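J.: Okay, handing you the structure first.
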Amino acid sequence: MMTTPTETVIEVAGLTKRYRDTVAVDDVSFAIEKDRIYGLLGRNGAGKTTVMSILTAQNFATSGDVRVFGQHPYENAKVLRRMCFVRESQRYPDDALPSHAFATARLFFPRWNQELADRLVADFQLPMRKRIKKLSRGQLSAVGVIIGIASRAEITFFDEPYLGLDAVARQIFYDRLLEDYTEAPRTVILSSHLIDEVANLIERVLVIDRGRILMNEETDAVRDRAANIVGETAAVEAFVRGREVIHRESLGHVSSVTVLGALTDDDRREVAASGLDIAPVSLQQLIVRTTQHANGEHPSTQEGALR
Amino acid sequence: MNRTLNVIRMQLVNRQTFVWMPLIILGGSFALSMLVYAMIPVDAPKYGGAAQAPLWYLLAVGIQALTMTFPFSQAMSVTRREFYLGTLLTSGLAAVLLAAIYMIGGLVEQATTGWGLNGYYFYLPWVWQAGAFGAGFFYAVMAMLLFIVGFWAATIYKRFGGTVLTIVLVSLGFLLVGLLWLAIRADMWDEIWTWVATAGVVGTTAWSLVLAAVLAGIAFLTLRRTVP
Amino acid sequence: MIEEGRALFLQIAESVEDAIVDGSLTEESQAPSTNELASFYRINPATAAKGIAMLVDKGVLYKRRGIGMFVAPGARATLLAERRSAFADRYVQPLLAEARKLGLGPEELAQLVRERASAPVAASASEGRA
């Protein structure tokens with residue numbers, strides 16, 4: 001198997017962020033490798049933005065160690081200028097036009113590509129003469145996305161960048177990001193709760209829930225980790241006995257149960273023989289259900305609809 | 001150093017704040033003063049405090065330099081040190097520019113005997129006792145001092161919140177009152193006025209500069225752990 | 001085109017193999033590049049690269065330095081053999097299971113297969129694949 005040498009660009013060890021009465025980040029440790037696209041996935045308030053803020057020295061850890069390019073990022077211009085983090089509700093100077101924001105970005109990001117920025121402005125149909133504070137939510141997101149992509153920073157963070165963007169604009173973002181990543185590789189950390197949309201872009205998934213890392217793996221390794229066994233309830237229950245179940249739904253006599261663990265060929269024969277079906281589990285379903293299961297939550301079974 | 005200079009350009013994106021408003025306030029307060037002077041039928045030299053207005057506005061500029069631009073500077077991966085120095089330089093430029101306008105204005109006023117109305121806006125005898133450059137020094141330092149106070153207050157608010165800011169301001173108020181009380185008790189007023197008179201505008205300004213430098217240092221320390 | 005619940009790089013490898021098996025990608029011809037595949041399927045290029053690498057390891061593709069990946073001679077034959085043995089598991093097994101549900105035994109099933117194989121293609125209203 002062809003293996004590319006891996007270089008770690010970010011190392012986080014025991015990172016904790018405590019506010020007066022909450023723990024936003026709880027003893028988090030992970031490493032980010034160079035030139036890969038990571039998905040930082042989790043619900044709102046799970047701690048994604050806090051982690052990214054601390055990595056870029058915009059916020060401060062209560063305890064733990066953070067190293068970027070082997071150094072502490074705090075007040076470290078040499079390290080910071082190689083990173084770009086435009087947050088989800090980024091504030092811009094009052095009088096600023098998008099053109100000002102990009103002109104300023106050009107001053108501070110050494111790898112800024114103006115041609116790319118211009119192309120993206122056209123793609124997103126961004127009004128350049130309108131003040132940023134008067135832009136719609138989607139247009140505001142577009143400004144952040146354009147800065148993020150055109151900065152070509154060695155480590156680029158996207159903090160829920162698609163808020164306010166419609167489906168077409170979101171697809172444009174994913175396409176342009178992939179294109180430019182292919183053209184000029186860099187480390188990308190993309191936080192999102194629209195997991196299925198970004199599933200094919202991200203090489204690794206980093207799932208964070210209530211400040212803790214629940215999963216840190218190759219996307220492909222996770223993709224086939226679960227399966228939905230669908231069919232007559234008794235037969236389904238018989239099959240899943242002894243297996244790790246993370247989700248159950250039923251409508252009348254029919255059940256759909258999500259089990260963890262890849263199915264072997266023998267398993268498949270048994271399923272077919274029992275008159276059951278195997279339905280695939282999307283990455284989003286897998287992560288959502290694993291998270292719920294880890295929290296001991298049970299989704300309401302009153303809906304009845306099988307998904 | 002380059003990035004620090006680029007912060008100046010970042011701040012000047014807010015042309016309204018740094019350029020237009022001060023000029024409008026300057027122009028407006030000047031015009032108002034002249035109108036009032038024209039209406040007063042007294043022939044003796046007339047002085048007013050309207051020239052303070054643009055200076056006090058720099059307090060607002062200091063506040064906005066933080067609130068409007070600091071979060072953006074963080075998104076631009078600028079360190080707090082680069083942002084602070086660049087912002088201070090920007091305000092320094094504004095202060096020097098303002099002082100230059102005041103100096104020229106004062107010289108013109110002296111030459112035209114108060115615009116022919118014997119009414120003075122820029123020229124105030126105490127401020128000009130050491131000449132044009134003394135006056136320029138005074139106005140520049142006052143502008144910087146007010147800017148730094150505004151900036152620091154906004155930084156405290158951003159980092160600690162409104163309650164802490166209020167406590168700080170109230171405490172400073174108490175401190176001032178306390179000093180006044182001490183002065184009265186120790187019957188030191190005569191000495192204080194003599195000292196001010198001896199120091200003159202240059203001496204007082206020099207001490208204000210020291211105060212500004214100290215506040216600038218404290219403001220930076222406050223900024224160092226502020227989250228955008 | 002991309003299925004849920006299955007590793008992406010496997011699906012990429014499979015799509016290239018499909019093209020080889022059905023003849024649209026002939027031996028010694030150039031296979032689509034990693035970037036082409038990534039762009040077409042809108043996936044991470046590293047994933048596409050993993051799929052291609054797997055095919056190289058398997059001997060289905062080989063690398064010509066400075067040019068790209070090419071289909072190895074004998075690749076089609078290898079893949080056909082592999083798929084034939086997998087055919088029984090993937091298609092025959094589900095077919096038998098479905099037939100059992102409908103009460104069709106192996107003999108009746110064989111009869112149906114023979115009938116359909118000889119019938120003109122246009123006449124039969126074919127059901128979707130199981």
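Naming scheme: A, B, ... for chains in displayed order of the structure tokens; residues 1 onward per chain; ligands 1 onward as shown.
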List the spatial neighbours of A:Gly39 as JSON, numbers by chain - criterion: any atom at most 8 Å away, only C-alpha atoms, same-chain residues fewer than 2 positions off excluded.
T.: {"A": [37, 41, 189, 190, 191, 192, 198, 202, 203, 204, 205, 206, 207]}
J.: Got a sec: who's within 10 Å of A:Glu88, counting only C-alpha atoms, leaving out chain neighbours fewer than 3 positions off, as a CSV table (one decimal) with N, CA and C atoms, in the first residue's frame?
T.:
```csv
chain,number,residue,atom,x,y,z
A,49,THR,N,-16.0,25.1,18.1
A,49,THR,CA,-15.5,26.5,18.0
A,49,THR,C,-14.4,26.8,19.1
A,85,PHE,N,-8.3,31.4,10.5
A,85,PHE,CA,-9.5,30.9,11.2
A,85,PHE,C,-10.5,32.1,11.2
A,91,ARG,N,-16.9,39.2,13.1
A,91,ARG,CA,-17.2,40.6,13.1
A,91,ARG,C,-16.2,41.3,12.2
A,140,LEU,N,-22.6,37.0,4.1
A,140,LEU,CA,-21.6,37.2,5.2
A,140,LEU,C,-20.7,35.9,5.3
A,141,SER,N,-21.4,34.7,5.2
A,141,SER,CA,-20.7,33.5,5.2
A,141,SER,C,-19.8,33.4,4.0
A,144,GLY,N,-16.5,35.0,4.6
A,144,GLY,CA,-15.6,34.2,5.4
A,144,GLY,C,-15.0,33.0,4.6
A,145,VAL,N,-15.9,32.4,3.8
A,145,VAL,CA,-15.4,31.2,3.0
A,145,VAL,C,-14.4,31.7,2.0
A,158,PHE,N,-12.4,26.0,9.0
A,158,PHE,CA,-13.7,26.5,8.5
A,158,PHE,C,-14.7,26.2,9.6
A,159,ASP,N,-15.2,27.3,10.2
A,159,ASP,CA,-16.1,27.1,11.4
A,159,ASP,C,-17.5,27.2,10.9
A,160,GLU,N,-18.2,26.0,10.7
A,160,GLU,CA,-19.5,26.0,10.2
A,160,GLU,C,-19.7,27.0,9.1
A,161,PRO,N,-19.0,26.9,8.0
A,161,PRO,CA,-18.9,28.0,7.1
A,161,PRO,C,-20.1,28.2,6.2
A,162,TYR,N,-21.0,27.2,6.3
A,162,TYR,CA,-22.1,27.2,5.3
A,162,TYR,C,-23.4,27.8,5.8
A,163,LEU,N,-23.3,28.4,7.1
A,163,LEU,CA,-24.6,28.9,7.6
A,163,LEU,C,-25.1,30.0,6.8
A,191,SER,N,-15.4,22.3,10.4
A,191,SER,CA,-16.4,21.9,11.5
A,191,SER,C,-17.8,22.0,10.8
```
J.: Which residues come within 10 Å of stretch 78-83 of chain C, counting only C-alpha atoms, excluding same-chain residues fewer than 3 positions away, as a ChimeraX atom specification?
T.: /C:17-18,20-22,58-60,73-75,86-90
J.: Identify every residue of chain A that has at least one atom within 7 Å of any atom of chain C, counting only C-alpha atoms, and report the result as a short mmCIF file (atom, residue, chain, number, x, y, z; two decimals) with C-alpha atoms, in the first residue's frame.
T.:
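So out_15.cif came out as:
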```
data_model
loop_
_atom_site.label_atom_id
_atom_site.label_comp_id
_atom_site.auth_asym_id
_atom_site.auth_seq_id
_atom_site.Cartn_x
_atom_site.Cartn_y
_atom_site.Cartn_z
CA MET A 1 0.00 0.00 0.00
CA MET A 2 1.38 3.38 -0.95
CA ASP A 175 -16.28 21.99 -4.99
CA LEU A 178 -11.64 20.41 -3.11
CA THR A 182 -5.94 19.48 -5.06
CA ASN A 200 -16.93 12.61 0.93
CA LEU A 201 -14.56 15.53 1.41
CA ILE A 202 -13.08 14.64 4.74
CA GLU A 203 -10.33 12.12 5.13
CA ASP A 220 -13.46 5.13 5.29
CA ALA A 221 -12.81 3.03 8.37
CA ARG A 223 -18.17 4.23 6.94
CA ASP A 224 -18.87 0.51 7.05
CA ALA A 272 -30.73 -13.23 3.85
CA ALA A 273 -31.80 -16.60 5.16
CA PRO A 280 -26.75 1.00 4.72
CA VAL A 281 -26.09 3.48 7.49
CA SER A 282 -25.00 6.91 6.37
#
```
J.: I'd like the interatomic distance between atom CA of A:Ala199 and atom CA of A:Leu263, to a tenth of an Å.
T.: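 If I compute the distance from atom CA of A:Ala199 to atom CA of A:Leu263, I get 21.4 Å.
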J.: Compute the chain B side of the contact with chain A at 12 Å, counting only C-alpha atoms, and hand it back as number ranges by chain.
T.: B: 1-18, 20, 64-84, 159, 223-228
J.: Quick one: which stretch 125-223 of chain B residues come within 9 Å of stretch 93-100 of chain B, and what is the nearest atom pair for each with the distance in Å to one decimal, counting only C-alpha atoms, rows ordered by chain and ascending number, as a tab-separated table?
T.:
```
residue	atom	partner	partner_atom	distance
B:Ala135	CA	B:Ala99	CA	7.9
B:Gly136	CA	B:Ala99	CA	4.9
B:Phe137	CA	B:Ala99	CA	7.3
B:Phe138	CA	B:Ala99	CA	8.1
B:Tyr139	CA	B:Ala99	CA	5.3
B:Ala140	CA	B:Ala95	CA	4.9
B:Val141	CA	B:Ala95	CA	7.5
B:Met142	CA	B:Ala95	CA	8.4
B:Ala143	CA	B:Ala95	CA	5.5
B:Met144	CA	B:Ala95	CA	6.2
```
J.: Suppose we keep N, CA and C atoms; can you now write the selection as a PDB file, in the first residue's frame?
T.:
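Saved file out_31.pdb follows:
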```
ATOM      1  N   ALA B 135       2.199  74.245  22.204  1.00  0.00           N
ATOM      2  CA  ALA B 135       0.780  73.968  22.033  1.00  0.00           C
ATOM      3  C   ALA B 135       0.569  72.660  21.286  1.00  0.00           C
ATOM      4  N   GLY B 136       1.373  72.471  20.217  1.00  0.00           N
ATOM      5  CA  GLY B 136       1.271  71.240  19.443  1.00  0.00           C
ATOM      6  C   GLY B 136       1.521  70.026  20.311  1.00  0.00           C
ATOM      7  N   PHE B 137       2.561  70.110  21.126  1.00  0.00           N
ATOM      8  CA  PHE B 137       2.911  69.031  22.049  1.00  0.00           C
ATOM      9  C   PHE B 137       1.725  68.736  22.961  1.00  0.00           C
ATOM     10  N   PHE B 138       1.156  69.778  23.503  1.00  0.00           N
ATOM     11  CA  PHE B 138       0.023  69.626  24.413  1.00  0.00           C
ATOM     12  C   PHE B 138      -1.141  68.902  23.749  1.00  0.00           C
ATOM     13  N   TYR B 139      -1.550  69.398  22.581  1.00  0.00           N
ATOM     14  CA  TYR B 139      -2.718  68.817  21.927  1.00  0.00           C
ATOM     15  C   TYR B 139      -2.470  67.369  21.513  1.00  0.00           C
ATOM     16  N   ALA B 140      -1.249  67.101  21.014  1.00  0.00           N
ATOM     17  CA  ALA B 140      -0.937  65.731  20.590  1.00  0.00           C
ATOM     18  C   ALA B 140      -1.021  64.772  21.777  1.00  0.00           C
ATOM     19  N   VAL B 141      -0.434  65.157  22.875  1.00  0.00           N
ATOM     20  CA  VAL B 141      -0.426  64.270  24.043  1.00  0.00           C
ATOM     21  C   VAL B 141      -1.838  64.092  24.607  1.00  0.00           C
ATOM     22  N   MET B 142      -2.599  65.168  24.655  1.00  0.00           N
ATOM     23  CA  MET B 142      -3.967  65.057  25.168  1.00  0.00           C
ATOM     24  C   MET B 142      -4.784  64.107  24.296  1.00  0.00           C
ATOM     25  N   ALA B 143      -4.604  64.258  22.975  1.00  0.00           N
ATOM     26  CA  ALA B 143      -5.325  63.378  22.054  1.00  0.00           C
ATOM     27  C   ALA B 143      -4.972  61.917  22.318  1.00  0.00           C
ATOM     28  N   MET B 144      -3.679  61.628  22.425  1.00  0.00           N
ATOM     29  CA  MET B 144      -3.222  60.263  22.681  1.00  0.00           C
ATOM     30  C   MET B 144      -3.759  59.741  24.007  1.00  0.00           C
TER      31      MET B 144
END
```
J.: Please indicate the distance in Å from atom CA of B:Leu215 to atom CA of B:Ala154, rounded to one decimal place.
T.: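 For atom CA of B:Leu215 relative to atom CA of B:Ala154, the distance reads 13.1 Å.
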